[in-house]
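Pasted below: query.cif, mmCIF, C-alpha atoms.
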```cif
data_work
loop_
_atom_site.group_PDB
_atom_site.id
_atom_site.type_symbol
_atom_site.label_atom_id
_atom_site.label_comp_id
_atom_site.auth_asym_id
_atom_site.auth_seq_id
_atom_site.Cartn_x
_atom_site.Cartn_y
_atom_site.Cartn_z
ATOM 1 C CA MET A 134 87.443 115.232 106.362
ATOM 2 C CA ASN A 135 90.105 112.562 105.792
ATOM 3 C CA LEU A 136 93.411 112.991 103.961
ATOM 4 C CA ALA A 137 92.258 111.346 100.722
ATOM 5 C CA SER A 138 89.294 113.710 100.370
ATOM 6 C CA ARG A 139 91.600 116.732 100.763
ATOM 7 C CA ILE A 140 93.940 115.803 97.904
ATOM 8 C CA ALA A 141 92.908 117.141 94.483
ATOM 9 C CA HIS A 142 92.613 114.541 91.711
ATOM 10 C CA PHE A 143 93.222 111.644 94.079
ATOM 11 C CA ASP A 144 91.827 108.296 92.937
ATOM 12 C CA GLN A 145 92.254 104.578 93.723
ATOM 13 C CA HIS A 146 95.480 104.476 91.674
ATOM 14 C CA SER A 147 97.097 107.422 93.472
ATOM 15 C CA ASP A 148 99.794 107.272 96.108
ATOM 16 C CA LEU A 149 101.804 109.722 98.153
ATOM 17 C CA ASP A 150 105.555 110.023 97.591
ATOM 18 C CA PHE A 151 107.782 111.392 100.326
ATOM 19 C CA TYR A 152 111.443 112.240 99.742
ATOM 20 C CA VAL A 153 113.554 112.329 102.891
ATOM 21 C CA TYR A 154 116.973 113.997 102.625
ATOM 22 C CA LEU A 155 119.455 112.957 105.296
ATOM 23 C CA ASN A 156 123.038 113.752 106.267
ATOM 24 C CA SER A 157 123.577 110.120 107.251
ATOM 25 C CA GLU A 158 121.759 106.865 106.656
ATOM 26 C CA LEU A 159 118.712 106.167 108.837
ATOM 27 C CA PRO A 160 119.173 102.739 110.460
ATOM 28 C CA PHE A 161 116.969 100.031 108.988
ATOM 29 C CA THR A 162 115.482 99.203 112.410
ATOM 30 C CA GLU A 163 114.314 102.804 112.829
ATOM 31 C CA ARG A 164 112.774 102.788 109.343
ATOM 32 C CA GLN A 165 110.891 99.610 110.258
ATOM 33 C CA MET A 166 109.601 101.162 113.491
ATOM 34 C CA ILE A 167 108.348 104.245 111.635
ATOM 35 C CA ALA A 168 106.619 102.207 108.930
ATOM 36 C CA LYS A 169 104.962 99.889 111.479
ATOM 37 C CA LYS A 170 103.384 102.921 113.165
ATOM 38 C CA PHE A 171 101.322 103.414 110.003
ATOM 39 C CA ALA A 172 100.984 99.962 108.449
ATOM 40 C CA ASP A 173 100.481 96.338 109.422
ATOM 41 C CA ASP A 174 102.701 94.870 106.692
ATOM 42 C CA PRO A 175 105.161 97.498 105.404
ATOM 43 C CA GLU A 176 107.833 96.747 102.805
ATOM 44 C CA THR A 177 111.026 98.272 104.126
ATOM 45 C CA GLY A 178 114.525 98.275 102.735
ATOM 46 C CA SER A 179 113.713 98.399 99.034
ATOM 47 C CA LEU A 180 116.643 99.248 96.761
ATOM 48 C CA PHE A 181 114.882 98.870 93.386
ATOM 49 C CA PHE A 182 115.358 102.486 92.241
ATOM 50 C CA GLU A 183 116.821 103.926 95.411
ATOM 51 C CA SER A 184 116.619 103.306 99.125
ATOM 52 C CA GLY A 185 112.966 103.364 100.132
ATOM 53 C CA ASP A 186 110.033 101.946 102.046
ATOM 54 C CA GLU A 187 106.420 101.339 101.004
ATOM 55 C CA TRP A 188 103.169 100.595 102.768
ATOM 56 C CA LEU A 189 99.404 100.996 102.725
ATOM 57 C CA ASP A 190 98.402 103.475 105.384
ATOM 58 C CA ARG A 191 96.352 101.616 107.985
ATOM 59 C CA GLU A 192 93.917 104.519 108.556
ATOM 60 C CA THR A 193 93.280 105.691 104.981
ATOM 61 C CA GLY A 194 94.327 102.796 102.719
ATOM 62 C CA ILE A 195 96.533 105.219 100.773
ATOM 63 C CA ALA A 196 99.755 103.794 99.306
ATOM 64 C CA ILE A 197 102.804 105.540 100.767
ATOM 65 C CA ASP A 198 106.258 105.568 99.167
ATOM 66 C CA VAL A 199 109.172 106.982 101.155
ATOM 67 C CA MET A 200 112.512 107.485 99.409
ATOM 68 C CA PHE A 201 115.672 108.218 101.376
ATOM 69 C CA ARG A 202 118.343 110.349 99.744
ATOM 70 C CA ASP A 203 121.671 111.775 100.768
ATOM 71 C CA VAL A 204 121.370 115.543 101.180
ATOM 72 C CA HIS A 205 124.616 115.985 99.226
ATOM 73 C CA TRP A 206 122.957 114.392 96.188
ATOM 74 C CA ILE A 207 120.241 117.073 96.006
ATOM 75 C CA GLU A 208 122.798 119.811 96.647
ATOM 76 C CA ARG A 209 124.694 118.664 93.522
ATOM 77 C CA VAL A 210 121.481 118.621 91.483
ATOM 78 C CA VAL A 211 120.142 121.987 92.650
ATOM 79 C CA HIS A 212 123.270 124.052 93.249
ATOM 80 C CA GLN A 213 125.705 122.528 90.765
ATOM 81 C CA HIS A 214 123.121 121.563 88.122
ATOM 82 C CA GLN A 215 124.387 117.984 87.915
ATOM 83 C CA ALA A 216 121.395 115.799 87.130
ATOM 84 C CA SER A 217 121.607 112.135 88.018
ATOM 85 C CA MET A 218 119.216 109.164 88.029
ATOM 86 C CA GLY A 219 117.143 111.008 85.428
ATOM 87 C CA TYR A 220 116.160 113.773 87.830
ATOM 88 C CA SER A 221 116.887 117.367 86.888
ATOM 89 C CA THR A 222 114.823 119.300 89.425
#
```

Represent the supplied structure as structure tokens.
Amino acid sequence: MNLASRIAHFDQHSDLDFYVYLNSELPFTERQMIAKKFADDPETGSLFFESGDEWLDRETGIAIDVMFRDVHWIERVVHQHQASMGYST
């Protein structure tokens, strides 16, 4: 059973979003290497909403979005209840 068949309510318009919280910035070259493990033509280094990478998974065809965030940002949101960028959870 592949990944797409295991996800409830998944259709051709669905994607998977991954949020990666880091203490320091992940070098762009490392992000490219990771993305190229899963995709032939990844889009890395996007800054449209926040730092992130996107690709179509080579094995499943599923769209993958990876957003990179500073761990201190989520600590402010969760522990100090200071929403930013429209996020409150």

Note to self: I'd like the contact shell of Met200 (chain A) - 9 Å cut-off, only C-alpha atoms, skipping same-chain residues fewer than 2 positions apart - returned as a VMD selection string.
What the structure shows: chain A and resid 150 to 154 183 to 187 198 202

Check: Given the choices A:Glu158, A:Phe201, A:Leu149, A:Trp206, which gets closest to Leu180 (chain A) if the distance is worked out from only C-alpha atoms?
Finding: A:Phe201

Notebook entry, point to check: Pick the closest to Gln165 (chain A) from A:Phe181, A:Ala196, A:Trp188, A:Asp203: which is it, counting all atoms listed in the file?
Noted result: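 With all atoms listed in the file as the atom set, the closest residue is A:Trp188.
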
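For the atom pair formed by CA of Lys169 (chain A) and CA of Val204 (chain A), the distance is 24.9 Å, given to one decimal.
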
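For the point (110.2, 101.4, 113.2), the residues with at least one atom inside 12 Å, counting only C-alpha atoms, are Leu159, Pro160, Phe161, Thr162, Glu163, Arg164, Gln165, Met166, Ile167, Ala168, Lys169, Lys170, Phe171, Ala172, Asp173, Asp174, Pro175, Glu176, Thr177, Gly178 and Asp186 of chain A.
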
Notebook entry, point to check: What is the CA of Ser157 (chain A) to CA of Ser179 (chain A) distance in Å?
Noted result: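 Taking CA of Ser157 (chain A) as the start and CA of Ser179 (chain A) as the end point, the length is 17.4 Å.
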
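Here CA of Asp148 (chain A) and CA of Glu208 (chain A) stand 26.2 Å from one another.
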
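The list of residues with at least one atom within 12 Å of His146 (chain A), based on only C-alpha atoms and without residues fewer than 6 positions apart in the same chain, reads Ala137, Gly194, Ile195, Ala196 and Ile197 of chain A.
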